[in-house]
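One structure is given here, and the rest of the page talks about it.
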Amino acid sequence: MGSVSLDFAEFYRSVRDECLRAVLATVGDQDMAQELVDEAFARACASWRKVSKHPAPAAWVVRTALNENISRWRRHRREVAVPDPGRLADLPSTAGATGSAVDPRIMAALLRLPARQRQVVALRVFLDLDTDRTAEVLGVAPSTVKAHLARAIGTLRDDLVPITEQENQS
Amino acid sequence: MNDDELMTAVRESFTGVRSATAMERIVSRSRAVRAHRRVAAASAVGIGGAAAAAVAVSVALPGSHPVASYPPASHPPASPPSGVPGVRLAAWTITRQADGSIQVTFREATHAAALQGALRADGVPVSVTFTGQQNPACRPYGASGSPAFWPFGPKAGPLGGYTFTHPKDAYNTPYALVIHPAALPSGAGLQIWTSGTPGAADNFQLYVGLVHASPQCTGS
């Protein structure tokens with residue numbers, strides 16, 4: 001690895017999976033999520049002196065990856081294709097169209113959320129950021145984060161709880 | 001199931017997701033990013049503080065040599081010897097080619113208005129924004145409105161013929177764009193924009209696309 005600091009290497013090893021999960025939960029496609037996260041980590045590595053002073057470097061990586069996803073969307077001038085949640089939900093949990101190991105019913109429920117709610121869930125759940133830090137990363141007010149999270153949880157509960165109850169009964 | 005249990009269920013469903021990218025690959029890509037930053041910094045130092053701070057465009061006389069020894073020797077020349085130096089800033093250089101094409105070599109995504117003005121003066125209907133946003137007045141041209149771009153896109157943009165081409169590898173610096181004004185379809189212009197940090201030397205990506213020419217977008 002040459003001159004790469006041990007600090008960055010340790011950072012990469014410790015948070016790469018969490019960052020990938022957060023981005024995957026937002027974009028819905030594992031290959032795309034991997035590409036976006038890799039590029040974001042490369043930029044973090046290139047600017048590590050600056051990024052390491054960020055209060056939440058992992059959030060910086062996720063934010064950079066999501067920004068890149070938005071850039072791709074603008075580049076193509078059309079919606080970035082995400083898997084159809086309805087189709088995903090019907091797939092067996094071992095082989096999602098997303099190419100990921102995630103239960104497709106949970107992925108489908110996440111993809112039914114509006115993009116901003118997905119981002120809030122991703123940052124809160126996978127990076128364990130608090131409300132203020134999530135708000136800072138997304139550039140919105142803390143109250144907006146709380147509202148998005150409450151709506152997201154409500155929607156996820158409506159989608160997922162009946163499934164888990166069915167599973168418990170059978 | 002309370003909120004915490006729900007979030008835990010979501011979190012646990014992702015535990016099988018693991019990054020498959022080796023550290024070496026990240027480091028390799030980061031070197032390209034760092035190289036870009038070093039080159040841009042060297043350019044700013046070589047040309048001097050006055051040029052770095054200047055918004056004014058300096059026009060080189062035909063036949064004169066480039067202002068600074070740029071790009072460095074490790075890179076191939078940004079323009080062929082037949083090119084006529086046009087406009088040069090620390091951030092970018094415009095070179096007119098003998099075949100009528102115009103090469104723009106980018107080192108930093110700054111001085112967008114000056115670049116736009118210089119290209120329009122050379123007869124290119126163009127919109128240039130380095131704000132991280134596209135000009136909202138611009139509309140994609142034709143059915144193939146999907147722009148060519150890099151570093152992830154094709155090296156040549158076959159939209160409307162070879163309206164613009166990319167003579168370098170995707171991750172090489174500096175970025176170079178060759179515009180072929182004669183190949184522009186009737187009623188079309190170009191839009192050049194960046195994503196990433198506005199004005200950053202080491203964290204921007206450059207995009208080019210065909211748009212409908214209009215006074216609000218391309219100036220004519």
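As shown in the structure tokens, the chain order sets the letters A, B, ...; within each chain, residues go from 1, and ligands are also counted from 1 in the order they appear.
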
message: Using only C-alpha atoms, which protein or nucleic acid residues come within 6 Å of region 37-48 of chain A? Drop anything in the same chain fewer than 2 positions from it, and give the result as JSON, numbers by chain.
response: {"A": [34, 35, 50, 51, 52, 61, 64, 65], "B": [26, 29, 30, 34]}

Please produce an output containing C-alpha atoms for each residue in the selection, written as a PDB file, in the first residue's frame.
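That gives us result-v2.pdb:
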```
ATOM      1  CA  GLN A  34     -20.184  -1.019  -4.397  1.00  0.00           C
ATOM      2  CA  GLU A  35     -19.030   1.242  -7.239  1.00  0.00           C
ATOM      3  CA  LYS A  50      -8.986  16.634   5.591  1.00  0.00           C
ATOM      4  CA  VAL A  51     -11.536  13.833   5.795  1.00  0.00           C
ATOM      5  CA  SER A  52      -9.996  12.373   8.943  1.00  0.00           C
ATOM      6  CA  VAL A  61     -18.030   8.652   2.554  1.00  0.00           C
ATOM      7  CA  THR A  64     -19.993  11.463  -1.231  1.00  0.00           C
ATOM      8  CA  ALA A  65     -21.280   8.181  -2.623  1.00  0.00           C
TER       9      ALA A  65
ATOM     10  CA  ILE B  26      -9.070   1.952  -3.460  1.00  0.00           C
ATOM     11  CA  ARG B  29      -7.843   5.012  -7.619  1.00  0.00           C
ATOM     12  CA  SER B  30      -6.934   7.507  -4.915  1.00  0.00           C
ATOM     13  CA  ARG B  34      -4.066  12.828  -5.796  1.00  0.00           C
TER      14      ARG B  34
END
```

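Every protein, DNA or RNA residue with an atom at most 6 Å from Gln103 (chain B), where only C-alpha atoms count and chain neighbours fewer than 2 positions away do not, is listed here: Ile94, Thr95, Leu177 and Val178 of chain B.
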
Contact residues (chain B, partner chain A, 7 Å, only C-alpha atoms) as a VMD selection string: chain B and resid 3 7 10 to 11 13 to 14 16 to 19 24 26 to 27 29 to 31 33 to 34 146 to 147 195

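For Arg116 (chain A), the non-local neighbours within 12 Å, defined as residues at least 5 positions apart in the same chain or in other chains and counting only C-alpha atoms, are Ala25, Thr26, Val27, Leu66, Leu110, Leu111, Val121, Ala122, Leu123, Thr134, Ala135, Leu138, Gly139, Val140, Thr144, Val145, Lys146, Ala147, His148, Leu149, Arg151 and Ala152 of chain A.
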
Those residues with C-alpha atoms, as a compact mmCIF listing (two decimals), in the first residue's frame please?
```txt
# COMPACT_ATOMS: atom_id res chain seq x y z
CA ALA A 25 -30.19 0.58 1.36
CA THR A 26 -30.48 3.87 -0.50
CA VAL A 27 -29.78 2.85 -4.12
CA LEU A 66 -24.86 9.44 -2.63
CA LEU A 110 -36.97 0.16 1.78
CA LEU A 111 -37.24 0.91 -1.91
CA VAL A 121 -32.92 5.29 7.61
CA ALA A 122 -29.56 4.38 6.09
CA LEU A 123 -27.65 6.92 8.14
CA THR A 134 -27.84 12.97 10.25
CA ALA A 135 -29.34 16.40 9.70
CA LEU A 138 -28.09 15.59 4.67
CA GLY A 139 -28.18 19.37 4.97
CA VAL A 140 -31.64 19.47 6.50
CA THR A 144 -36.98 17.16 9.22
CA VAL A 145 -34.86 14.13 10.04
CA LYS A 146 -37.21 13.18 12.87
CA ALA A 147 -40.24 13.55 10.62
CA HIS A 148 -38.68 11.48 7.84
CA LEU A 149 -37.64 8.78 10.27
CA ARG A 151 -42.77 8.28 8.50
CA ALA A 152 -40.24 5.72 7.32
```

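Interatomic distance, CA of Ala141 (chain A) to CA of Thr8 (chain B): 24.9 Å.
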
- request: Compile the contact shell of Gly100 (chain B) as a list of chain:residue names: residues with an atom at most 10 Å away, counting only C-alpha atoms, same-chain residues fewer than 2 positions apart removed.
  value: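 My reading of the contact set: B:Gly83, B:Arg96, B:Gln97, B:Ala98, B:Ile102, B:Gln103, B:Ile179, B:His180, B:Pro181, B:Ala182.
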
- request: Pick out the residues sitting within 10 Å of Ala56 (chain A), and hand them over as a list of chain:residue names; count only C-alpha atoms, and ignore anything fewer than 6 positions along from it in its own chain.
  value: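 Surrounding residues, per the criterion: A:Leu127, A:Leu129, A:Arg133, A:Thr134, A:Val137.
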
task: Just the residues within 10 Å of Gly117 (chain B), please, counting only C-alpha atoms, with nothing from its chain fewer than 4 positions along; format it as a ChimeraX atom specification.
output: /B:57,112-113,121-128,219

Any chance you can output those residues with C-alpha atoms as a PDB file, in the first residue's frame?
```pdb
ATOM      1  CA  VAL B  57      -8.555  36.114 -19.583  1.00  0.00           C
ATOM      2  CA  ALA B 112     -16.656  29.093 -15.876  1.00  0.00           C
ATOM      3  CA  ALA B 113     -17.902  32.439 -17.187  1.00  0.00           C
ATOM      4  CA  ALA B 121     -16.189  34.018 -29.015  1.00  0.00           C
ATOM      5  CA  ASP B 122     -14.757  31.105 -30.970  1.00  0.00           C
ATOM      6  CA  GLY B 123     -18.198  30.349 -32.337  1.00  0.00           C
ATOM      7  CA  VAL B 124     -19.193  27.511 -30.043  1.00  0.00           C
ATOM      8  CA  PRO B 125     -22.725  27.809 -28.654  1.00  0.00           C
ATOM      9  CA  VAL B 126     -22.044  26.617 -25.154  1.00  0.00           C
ATOM     10  CA  SER B 127     -23.131  26.797 -21.545  1.00  0.00           C
ATOM     11  CA  VAL B 128     -20.466  26.287 -18.879  1.00  0.00           C
ATOM     12  CA  GLY B 219     -26.059  32.384 -25.732  1.00  0.00           C
TER      13      GLY B 219
END
```

message: Between CA of Thr105 (chain B) and CA of Trp92 (chain B), what distance in Å does the model show, to one decimal?
response: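 CA of Thr105 (chain B) sits 5.3 Å away from CA of Trp92 (chain B).
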
field: Atom pair CA of Val23 (chain A) / CA of Asn69 (chain A): separation (Å)
entry: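 CA of Asn69 (chain A) lies at a distance of 9.6 Å from CA of Val23 (chain A).
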